[in-house]
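Note: the block below is coords12.csv and it holds CSV, C-alpha atoms.
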```csv
chain,number,residue,atom,x,y,z
K,1,MET,CA,-21.7,-28.9,41.9
K,2,LEU,CA,-24.4,-31.0,43.7
K,3,THR,CA,-24.1,-33.5,46.5
K,4,VAL,CA,-27.0,-35.9,46.9
K,5,ILE,CA,-27.6,-37.2,50.4
K,6,MET,CA,-30.0,-39.9,51.5
K,7,GLU,CA,-30.8,-41.8,54.8
K,8,CYS,CA,-31.7,-45.5,54.5
K,9,ARG,CA,-32.5,-48.6,56.5
K,10,ASP,CA,-33.0,-51.9,54.6
K,11,GLN,CA,-34.0,-50.1,51.4
K,12,GLU,CA,-31.7,-51.8,48.9
K,13,PRO,CA,-34.2,-51.8,45.9
K,14,GLU,CA,-35.3,-48.2,46.6
K,15,LEU,CA,-31.7,-47.1,46.8
K,16,ALA,CA,-30.9,-48.7,43.5
K,17,HIS,CA,-33.9,-46.9,41.9
K,18,THR,CA,-32.7,-43.5,43.0
K,19,LEU,CA,-29.1,-44.1,42.2
K,20,SER,CA,-29.9,-45.3,38.7
K,21,ALA,CA,-32.0,-42.1,38.1
K,22,LEU,CA,-29.0,-39.9,39.3
K,23,VAL,CA,-26.6,-41.4,36.7
K,24,THR,CA,-27.5,-39.0,34.0
K,25,GLY,CA,-26.9,-36.1,36.5
K,26,ALA,CA,-23.4,-37.5,37.2
K,27,VAL,CA,-22.7,-37.9,33.4
K,28,GLU,CA,-23.8,-34.3,32.8
K,29,GLY,CA,-21.5,-33.0,35.5
K,30,LEU,CA,-24.2,-31.9,37.9
K,31,VAL,CA,-24.0,-34.6,40.5
K,32,SER,CA,-20.5,-34.6,42.0
K,33,ASP,CA,-21.1,-37.1,44.8
K,34,VAL,CA,-23.7,-39.1,46.6
K,35,VAL,CA,-23.7,-39.8,50.3
K,36,VAL,CA,-25.8,-42.6,51.9
K,37,LEU,CA,-26.4,-42.4,55.7
K,38,ASP,CA,-27.3,-45.8,57.0
K,39,HIS,CA,-29.4,-46.6,60.0
K,40,GLY,CA,-28.4,-50.3,60.6
K,41,SER,CA,-29.4,-51.9,57.3
K,42,ARG,CA,-29.1,-55.7,57.1
K,43,ASP,CA,-29.8,-56.0,53.4
K,44,GLY,CA,-27.5,-55.2,50.5
K,45,SER,CA,-27.8,-51.4,50.8
K,46,SER,CA,-24.0,-51.0,51.4
K,47,ARG,CA,-23.2,-53.1,48.3
K,48,VAL,CA,-25.5,-51.1,46.1
K,49,ALA,CA,-24.0,-47.8,47.4
K,50,ASP,CA,-20.5,-49.1,46.9
K,51,ALA,CA,-21.2,-50.3,43.4
K,52,ALA,CA,-22.5,-46.9,42.5
K,53,GLY,CA,-19.5,-45.1,44.0
K,54,CYS,CA,-21.3,-43.5,46.9
K,55,ARG,CA,-19.9,-42.7,50.3
K,56,PHE,CA,-21.7,-45.0,52.7
K,57,TYR,CA,-21.7,-44.2,56.4
K,58,VAL,CA,-23.0,-46.3,59.3
K,59,GLN,CA,-21.9,-43.8,61.9
K,60,TRP,CA,-21.8,-40.1,61.1
K,61,ASP,CA,-22.2,-36.5,62.4
K,62,ILE,CA,-24.5,-34.5,60.1
K,63,ALA,CA,-22.3,-31.4,60.5
K,64,ASP,CA,-19.2,-33.4,59.3
K,65,VAL,CA,-21.1,-34.9,56.4
K,66,MET,CA,-22.2,-31.4,55.3
K,67,HIS,CA,-18.7,-30.0,55.6
K,68,SER,CA,-17.3,-32.9,53.5
K,69,ALA,CA,-19.9,-32.6,50.7
K,70,ARG,CA,-18.1,-31.9,47.4
K,71,GLY,CA,-20.9,-29.9,45.8
K,72,GLN,CA,-21.8,-26.3,46.6
K,73,TRP,CA,-25.5,-27.4,46.7
K,74,ILE,CA,-27.0,-30.2,48.7
K,75,LEU,CA,-30.0,-32.3,47.4
K,76,LEU,CA,-31.7,-34.3,50.2
K,77,VAL,CA,-33.9,-37.2,48.9
K,78,GLU,CA,-35.5,-40.3,50.1
K,79,PRO,CA,-34.3,-43.7,48.7
K,80,GLY,CA,-36.8,-44.6,46.0
K,81,ALA,CA,-37.4,-41.0,44.8
K,82,ARG,CA,-36.6,-40.4,41.2
K,83,PRO,CA,-36.2,-37.0,39.5
K,84,GLN,CA,-38.2,-36.9,36.2
K,85,SER,CA,-37.1,-35.7,32.8
K,86,GLY,CA,-35.7,-32.1,32.6
K,87,TRP,CA,-34.4,-32.1,36.2
K,88,ILE,CA,-30.8,-31.5,35.3
K,89,GLU,CA,-31.4,-28.4,33.3
K,90,GLU,CA,-33.9,-27.1,35.9
K,91,ILE,CA,-31.4,-27.4,38.7
K,92,LEU,CA,-28.6,-25.9,36.7
K,93,ASP,CA,-30.8,-22.9,35.8
K,94,TYR,CA,-32.0,-22.6,39.4
K,95,VAL,CA,-28.6,-22.6,41.2
K,96,THR,CA,-27.2,-20.0,38.8
K,97,VAL,CA,-29.8,-17.4,39.7
K,98,CYS,CA,-31.2,-18.4,43.1
K,99,ALA,CA,-29.7,-18.9,46.6
K,100,GLU,CA,-32.9,-20.1,48.4
K,101,PRO,CA,-33.9,-23.7,49.1
K,102,ALA,CA,-36.2,-25.4,46.7
K,103,ARG,CA,-38.3,-28.6,46.3
K,104,PHE,CA,-39.3,-30.6,43.2
K,105,SER,CA,-42.8,-30.4,42.0
K,106,PRO,CA,-45.0,-33.4,42.7
K,107,SER,CA,-45.1,-35.9,39.8
K,108,ARG,CA,-48.3,-35.6,37.7
K,109,TYR,CA,-48.2,-39.4,37.2
K,110,HIS,CA,-47.7,-40.5,40.8
K,111,LYS,CA,-50.4,-39.2,43.1
K,112,ARG,CA,-51.9,-40.7,46.2
K,113,PRO,CA,-55.7,-41.0,46.3
K,114,PHE,CA,-57.4,-37.7,46.9
K,115,PHE,CA,-58.6,-38.5,50.5
K,116,SER,CA,-55.2,-39.8,51.4
K,117,ARG,CA,-53.6,-36.5,50.3
K,118,ILE,CA,-55.9,-34.5,52.5
K,119,ILE,CA,-55.7,-36.4,55.7
K,120,ARG,CA,-52.1,-37.5,55.8
K,121,ARG,CA,-49.1,-35.3,56.6
K,122,GLN,CA,-46.6,-35.0,53.8
K,123,PRO,CA,-43.1,-36.3,54.8
K,124,PRO,CA,-40.5,-33.5,54.8
K,125,LEU,CA,-38.4,-35.0,52.1
K,126,GLU,CA,-41.2,-36.5,49.9
K,127,TYR,CA,-40.4,-34.0,47.1
K,128,GLY,CA,-36.7,-33.7,47.9
K,129,TYR,CA,-35.0,-30.6,49.2
K,130,LEU,CA,-32.3,-28.5,47.4
K,131,MET,CA,-30.3,-26.1,49.5
K,132,PRO,CA,-26.9,-24.3,49.3
K,133,LYS,CA,-24.1,-26.1,51.1
K,134,LYS,CA,-23.3,-23.0,53.2
K,135,HIS,CA,-26.9,-23.0,54.5
K,136,ALA,CA,-26.8,-26.7,55.3
K,137,VAL,CA,-23.5,-26.3,57.2
K,138,ALA,CA,-24.9,-23.4,59.2
K,139,ILE,CA,-28.0,-25.3,60.5
K,140,ALA,CA,-26.5,-28.8,60.9
K,141,LYS,CA,-26.2,-29.8,64.5
K,142,PRO,CA,-24.9,-33.1,66.0
K,143,GLY,CA,-27.6,-35.8,66.2
K,144,MET,CA,-29.9,-34.2,63.5
K,145,GLY,CA,-31.5,-36.3,60.8
K,146,LEU,CA,-32.0,-35.0,57.2
K,147,SER,CA,-35.7,-34.3,57.8
K,148,GLN,CA,-34.8,-32.0,60.7
K,149,LEU,CA,-32.7,-29.8,58.3
K,150,VAL,CA,-35.8,-28.8,56.4
K,151,HIS,CA,-38.1,-27.7,59.2
K,152,ALA,CA,-39.1,-24.1,59.4
K,153,GLN,CA,-38.0,-23.5,55.8
K,154,LYS,CA,-40.1,-22.1,53.1
K,155,PRO,CA,-38.6,-23.5,49.8
K,156,ARG,CA,-39.4,-22.4,46.3
K,157,ARG,CA,-40.8,-25.0,43.9
K,158,LEU,CA,-38.9,-26.2,40.9
K,159,ASN,CA,-40.7,-26.9,37.7
K,160,ALA,CA,-39.0,-30.3,37.4
K,161,GLU,CA,-41.0,-33.2,39.0
K,162,LEU,CA,-40.0,-35.9,41.4
K,163,ALA,CA,-41.6,-39.4,41.6
K,164,PRO,CA,-41.8,-39.9,45.4
K,165,ALA,CA,-40.1,-42.7,47.2
K,166,TRP,CA,-43.4,-44.5,48.0
K,167,THR,CA,-43.8,-45.3,44.2
K,168,ALA,CA,-40.7,-47.5,44.3
K,169,ARG,CA,-41.8,-49.6,47.4
K,170,PRO,CA,-43.4,-53.0,46.8
K,171,SER,CA,-47.1,-53.0,47.4
K,172,SER,CA,-48.2,-54.8,50.5
```

Render the structure in this file as structure tokens.
Amino acid sequence: MLTVIMECRDQEPELAHTLSALVTGAVEGLVSDVVVLDHGSRDGSSRVADAAGCRFYVQWDIADVMHSARGQWILLVEPGARPQSGWIEEILDYVTVCAEPARFSPSRYHKRPFFSRIIRRQPPLEYGYLMPKKHAVAIAKPGMGLSQLVHAQKPRRLNAELAPAWTARPSS
């Protein structure tokens, strides 16, 4: 029903955080497959993806990846992002009645400082991006990255929250 796709580069711990959060979705039958698109990682990202049963690509064409997705819906997330409680039911309800793209709501417990939220530009996948596979296939072009798939789109907002990827990164 749902294919989760992530891009990574040397993000082994963040990838493990996200994959562990998706386990319940797989057990409940929502997540049918997970695809990890690698940008030359030199850490254990490939081992983590393999252990979790993900498809791991070091070379890919985004259109081919979208065509090969098993789910009828695509969820794009950053490694380290974690859906919060209630996400499975929320997505199941959403995909049965809507056909438009959607994003998770920002987590109430994981917010950047106020001034930082005002002056910085929000990354395109900070709160994930849920879209029908047919829509993704139609807009995917060779050489595109995941963040380019979401430009010029006005998604709806899900009630379920997502802890953004930056919360899983070690503090520097």

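In this comparison, which uses all atoms listed in the file, the residue of K:Leu30, K:Ile62, K:Leu158, K:Ala168 approaching Ala16 in chain K most closely is K:Ala168.
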
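Residue nearest Trp73 in chain K within the list K:Ala160, K:Val137, K:Val150, K:Ala49: K:Val137 [criterion: smallest interatomic distance, all atoms listed in the file].
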
What lies within 7 Å of Phe56 in chain K using only C-alpha atoms, ignoring chain neighbours under 5 positions off, as an mmCIF file with C-alpha atoms, in the frame of the given file?
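Written output follows (result_37.cif):
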```
data_model
loop_
_atom_site.group_PDB
_atom_site.id
_atom_site.type_symbol
_atom_site.label_atom_id
_atom_site.label_comp_id
_atom_site.auth_asym_id
_atom_site.auth_seq_id
_atom_site.Cartn_x
_atom_site.Cartn_y
_atom_site.Cartn_z
ATOM 1 C CA VAL K 35 -23.700 -39.800 50.300
ATOM 2 C CA VAL K 36 -25.800 -42.600 51.900
ATOM 3 C CA LEU K 37 -26.400 -42.400 55.700
ATOM 4 C CA SER K 46 -24.000 -51.000 51.400
ATOM 5 C CA ALA K 49 -24.000 -47.800 47.400
#
```

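The nearest approach to Leu22 in chain K among the residues K:Ile88, K:Met1, K:Leu130, K:Leu76, with all atoms listed in the file taken into account, belongs to K:Ile88.
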
Residue contacts of Gly53 in chain K (10 Å, only C-alpha atoms) excluding same-chain residues fewer than 2 positions away, as a compact mmCIF listing (two decimals) with C-alpha atoms, in the frame of the given file:
```txt
# COMPACT_ATOMS: atom_id res chain seq x y z
CA LEU K 19 -29.10 -44.10 42.20
CA ASP K 33 -21.10 -37.10 44.80
CA VAL K 34 -23.70 -39.10 46.60
CA VAL K 35 -23.70 -39.80 50.30
CA ARG K 47 -23.20 -53.10 48.30
CA VAL K 48 -25.50 -51.10 46.10
CA ALA K 49 -24.00 -47.80 47.40
CA ASP K 50 -20.50 -49.10 46.90
CA ALA K 51 -21.20 -50.30 43.40
CA ARG K 55 -19.90 -42.70 50.30
CA PHE K 56 -21.70 -45.00 52.70
```
